[in-house]
Amino acid sequence: MSILRKIAQMRGKINSHLDKIEHALKTELDTEVDNQCDNTIGETVEDIKRKKIDIEKYQQQMDDLNKYGSDHQTLFSLREITPKADTFDQYLQTLVDDSSLNRVSIACKIDRKISGFIKEVASLGTIQVQKIPINLNLKRLKDKQAQLVGVKNKSINDIKLKLVQTIKLDASVTGCCFLPDGKIVLCDRSRNNYLRILHPHGALMFETSMSPSFAFDVAYIDDKTLAVSSDNSQNKQINIININTKAITSIRTEDICHGITHKDGSLIVCVKGKGIQSINIQNEKSTTIVPCDLSHYSFIVSSDNKLFYTNRKDNTVTCCDMAGNIIWTFKDENVLTDPRGIAVDSTGNVYTVSYDKHTLIVLSADGRKSRQLLSKDDRLHNLNALDYDKSRNRIFVSNLVWQNSC
């Protein structure tokens with residue numbers, strides 16, 4: 001296993017380093033012993049031995065004179081030996097004065113870091129267990145049987161819309177989203193870039209200014225947190241808003257952002273000129289999913305591990321997987337030009353609006369078929385914002401709320 005090899009490699013590096021510094025310390029010890037014992041002390045001892053031989057010779061001479069010599073001979077020899085004995089005393093004093101007779105002590109002082117290492121480092125490391133999700137779709141036989149007898153994806157030809165409610169606002173809405181409880185969040189560009197939350201019946205419940213940033217599009221993160229993209233070239237960022245406290249934090253982006261959606265802890269945004277990028281909310285690290293030349297007013301939505309986005313530069317709607325692999329692209333300028341907002345219903349059908357044609361279009365889940373649902377005759381004009389409430393089967397289109405009755 002790679003983990004065991006990693007542990008063994010680390011242990012080997014530690015052993016090798018300890019062997020190296022141990023050898024260096026022993027070499028230093030041998031050198032000092034040679035210098036002190038074999039050289040300095042050895043020379044002193046040899047010199048003292050020679051002096052000792054001389055003294056012993058003089059001592060023998062004195063013993064012989066005492067036994068066999070006359071007084072005259074003894075006196076004469078004493079005069080000769082005495083200066084030599086005095087010279088030996090001076091030699092001994094010199095050894096004392098120049099520290100040649102000092103005792104040599106050799107000790108080893110262990111580095112404090114080594115002692116600290118032994119006390120403080122209790123392990124080579126820690127074992128960390130991380131579960132990494134795999135991108136694997138399993139189709140069970142039971143599921144396949146259910147598909148055969150269950151409800152198929154409803155044809156776009158069966159979709160019927162019924163007007164439920166009209167909300168009249170003095171606002172220029174560029175982005176919107178439904179909250180789980182049915183409330184509607186709007187990005188209003190007409191009045192100092194306000195973010196507004198409406199009651200399902202249209203009453204204003206919450207608003208906060210996004211100035212100096214712009215409020216272009218909004219994504220639901222959790223019950224108290226929303227993410228708002230900004231297409232202000234002076235404030236290239238995404239704002240995270242706590243709707244309970246109105247506190248705002250910002251995430252810097254490479255360029256101005258338009259459409260935005262949230263998926264599994266990451267914000268997926270349309271970045272002008274860069275493409276589709278995923279930004280981790282925790283570490284703010286960005287990754288390009290689809291590198292492409294996106295225009296401004298591009299929108300994106302995620303559904304069933306797929307991404308759907310519009311690009312008004314080439315009048316296309318594109319579907320790709322979460323890794324950026326293109327699944328299909330719809331382009332028919334007789335049906336759709338200048339596509340803006342985008343949404344997906346519970347059966348996989350894709351909704352978008354044509355700003356130029358003032359129409360609401362639905363595309364089949366495979367991107368092969370299209371159908372116009374609403375037009376200028378239905379009081380639609382210059383559409384931007386679009387979202388689908390899957391739990392209540394409702395679609396919000398710019399300044400109108402409709403109910404999908406299929």
# chains A, B, ... in the order shown; residues from 1 in each chain; ligands from 1
$ residues_around --residues "Cys177 (chain A)" --least-positions-apart "2" --cutoff "12 Å" --atoms "only C-alpha atoms" --output "number ranges by chain"
A: 173-175, 179-187, 195-198, 200, 216-221, 226-228, 259-262, 300-301, 341-343, 385-390, 394-398
$ residues_around --residues "Arg371 (chain A)" --least-positions-apart "5" --cutoff "8 Å" --atoms "only C-alpha atoms" --output "number ranges by chain"
A: 156-157, 361-363
$ closest_residue --among "A:His381, A:Asp345, A:Asn193, A:Asn244" --to "Thr359 (chain A)" --atoms "only C-alpha atoms"
A:His381
$ residues_around --residues "Asn382 (chain A)" --least-positions-apart "3" --cutoff "10 Å" --atoms "only C-alpha atoms" --output "NGL selection string"
:A and (340 or 353-359 or 376 or 385 or 398)
$ write_last_selection --atoms "C-alpha atoms" --output "short mmCIF file (atom, residue, chain, number, x, y, z; two decimals), in the first residue's frame"
data_model
loop_
_atom_site.label_atom_id
_atom_site.label_comp_id
_atom_site.auth_asym_id
_atom_site.auth_seq_id
_atom_site.Cartn_x
_atom_site.Cartn_y
_atom_site.Cartn_z
CA ARG A 340 -31.54 34.87 -21.27
CA VAL A 353 -36.77 33.15 -22.81
CA SER A 354 -35.92 35.04 -25.98
CA TYR A 355 -35.26 38.69 -25.23
CA ASP A 356 -35.57 39.74 -28.87
CA LYS A 357 -38.65 37.70 -29.72
CA HIS A 358 -40.39 38.31 -26.36
CA THR A 359 -41.18 34.60 -26.05
CA LYS A 376 -45.70 39.15 -26.77
CA ALA A 385 -35.50 36.47 -15.29
CA SER A 398 -39.92 38.20 -15.69
#
$ closest_residue --among "A:Val104, A:Ile114, A:Ile289, A:Leu307" --to "Lys263 (chain A)" --atoms "only C-alpha atoms"
A:Leu307
$ select_by_dssp --residues "region 139-316 of chain A" --states "helix (DSSP H, G or I)" --output "list in words"
Leu141, Lys142, Asp143, Lys144, Gln145, Ala146, Gln147, Leu148, Val149, Ile156, Asn157 and Asp158 of chain A
$ residues_around --residues "Ser233 (chain A)" --least-positions-apart "6" --cutoff "12 Å" --atoms "only C-alpha atoms" --output "list in words"
Pro212, Ser213, Phe214, Arg252, Thr253, Glu254, Asp255, Ile256, Cys257, His258, Val271, Lys272 and His296 of chain A
$ write_last_selection --atoms "all heavy atoms" --output "tab-separated table (two decimals), in the first residue's frame"
chain	number	residue	atom	x	y	z
A	212	PRO	N	-22.02	49.06	-3.40
A	212	PRO	CA	-21.72	49.50	-4.77
A	212	PRO	C	-21.70	48.36	-5.80
A	212	PRO	O	-21.47	48.60	-6.96
A	212	PRO	CB	-20.32	50.10	-4.62
A	212	PRO	CG	-19.69	49.28	-3.55
A	212	PRO	CD	-20.78	48.97	-2.58
A	213	SER	N	-21.90	47.12	-5.35
A	213	SER	CA	-22.00	46.03	-6.31
A	213	SER	C	-23.33	46.09	-7.04
A	213	SER	O	-24.25	46.80	-6.62
A	213	SER	CB	-21.85	44.68	-5.61
A	213	SER	OG	-20.57	44.54	-5.05
A	214	PHE	N	-23.44	45.34	-8.14
A	214	PHE	CA	-24.71	45.19	-8.81
A	214	PHE	C	-25.35	43.88	-8.36
A	214	PHE	O	-24.67	42.99	-7.88
A	214	PHE	CB	-24.52	45.18	-10.33
A	214	PHE	CG	-24.11	46.51	-10.90
A	214	PHE	CD1	-23.70	46.60	-12.22
A	214	PHE	CD2	-24.14	47.66	-10.13
A	214	PHE	CE1	-23.31	47.82	-12.75
A	214	PHE	CE2	-23.76	48.87	-10.66
A	214	PHE	CZ	-23.35	48.96	-11.97
A	252	ARG	N	-14.09	37.15	-4.36
A	252	ARG	CA	-13.55	37.80	-5.56
A	252	ARG	C	-13.58	36.82	-6.73
A	252	ARG	O	-13.38	35.62	-6.57
A	252	ARG	CB	-12.12	38.27	-5.32
A	252	ARG	CG	-11.96	39.25	-4.16
A	252	ARG	CD	-12.72	40.54	-4.38
A	252	ARG	NE	-12.25	41.27	-5.53
A	252	ARG	CZ	-12.80	42.41	-5.97
A	252	ARG	NH1	-13.85	42.92	-5.33
A	252	ARG	NH2	-12.30	43.03	-7.03
A	253	THR	N	-13.84	37.34	-7.93
A	253	THR	CA	-13.89	36.53	-9.15
A	253	THR	C	-12.94	37.09	-10.20
A	253	THR	O	-12.50	38.24	-10.12
A	253	THR	CB	-15.32	36.49	-9.72
A	253	THR	OG1	-15.76	37.84	-9.99
A	253	THR	CG2	-16.27	35.84	-8.72
A	254	GLU	N	-12.63	36.25	-11.21
A	254	GLU	CA	-11.68	36.65	-12.24
A	254	GLU	C	-12.22	37.77	-13.12
A	254	GLU	O	-11.47	38.62	-13.60
A	254	GLU	CB	-11.32	35.44	-13.12
A	254	GLU	CG	-10.55	34.35	-12.38
A	254	GLU	CD	-10.16	33.23	-13.31
A	254	GLU	OE1	-10.31	33.39	-14.53
A	254	GLU	OE2	-9.71	32.18	-12.82
A	255	ASP	N	-13.53	37.75	-13.34
A	255	ASP	CA	-14.16	38.77	-14.17
A	255	ASP	C	-15.59	38.94	-13.72
A	255	ASP	O	-16.03	38.31	-12.74
A	255	ASP	CB	-14.07	38.37	-15.66
A	255	ASP	CG	-13.96	39.60	-16.57
A	255	ASP	OD1	-14.63	40.62	-16.27
A	255	ASP	OD2	-13.21	39.55	-17.56
A	256	ILE	N	-16.34	39.78	-14.41
A	256	ILE	CA	-17.72	40.02	-14.00
A	256	ILE	C	-18.55	38.76	-14.22
A	256	ILE	O	-18.31	37.99	-15.14
A	256	ILE	CB	-18.33	41.22	-14.75
A	256	ILE	CG1	-18.33	40.97	-16.27
A	256	ILE	CG2	-17.57	42.48	-14.43
A	256	ILE	CD1	-19.01	42.08	-17.04
A	257	CYS	N	-19.53	38.54	-13.33
A	257	CYS	CA	-20.34	37.32	-13.35
A	257	CYS	C	-21.78	37.66	-13.69
A	257	CYS	O	-22.29	38.74	-13.39
A	257	CYS	CB	-20.29	36.63	-11.99
A	257	CYS	SG	-18.65	36.08	-11.51
A	258	HIS	N	-22.43	36.70	-14.34
A	258	HIS	CA	-23.84	36.86	-14.68
A	258	HIS	C	-24.65	35.76	-14.02
A	258	HIS	O	-24.85	35.77	-12.83
A	258	HIS	CB	-24.00	36.91	-16.20
A	258	HIS	CG	-23.41	38.14	-16.80
A	258	HIS	ND1	-22.12	38.20	-17.31
A	258	HIS	CD2	-23.90	39.40	-16.94
A	258	HIS	CE1	-21.87	39.42	-17.75
A	258	HIS	NE2	-22.93	40.16	-17.54
A	271	VAL	N	-19.02	33.36	-16.18
A	271	VAL	CA	-18.03	34.43	-16.11
A	271	VAL	C	-17.76	34.94	-17.51
A	271	VAL	O	-17.35	34.17	-18.39
A	271	VAL	CB	-16.72	33.95	-15.45
A	271	VAL	CG1	-15.74	35.10	-15.32
A	271	VAL	CG2	-17.01	33.34	-14.08
A	272	LYS	N	-17.99	36.21	-17.72
A	272	LYS	CA	-17.88	36.78	-19.06
A	272	LYS	C	-16.48	36.55	-19.63
A	272	LYS	O	-15.47	36.85	-19.00
A	272	LYS	CB	-18.17	38.27	-19.01
A	272	LYS	CG	-18.12	38.95	-20.38
A	272	LYS	CD	-18.41	40.44	-20.29
A	272	LYS	CE	-18.29	41.10	-21.66
A	272	LYS	NZ	-18.50	42.56	-21.58
A	296	HIS	N	-22.20	38.63	-21.98
A	296	HIS	CA	-22.93	39.09	-20.82
A	296	HIS	C	-24.39	38.66	-20.96
A	296	HIS	O	-24.85	38.28	-22.03
A	296	HIS	CB	-22.82	40.61	-20.67
A	296	HIS	CG	-23.41	41.39	-21.81
A	296	HIS	ND1	-22.85	41.44	-23.06
A	296	HIS	CD2	-24.54	42.14	-21.88
A	296	HIS	CE1	-23.59	42.19	-23.86
A	296	HIS	NE2	-24.62	42.63	-23.17
$ atom_distance --atom1 "CA of Leu29 (chain A)" --atom2 "CA of Thr94 (chain A)"
28.9 Å
$ residues_around --residues "Ala171 (chain A)" --least-positions-apart "5" --cutoff "9 Å" --atoms "only C-alpha atoms" --output "list in words"
Cys187, Asp188, Arg189, Ser190 and Arg191 of chain A
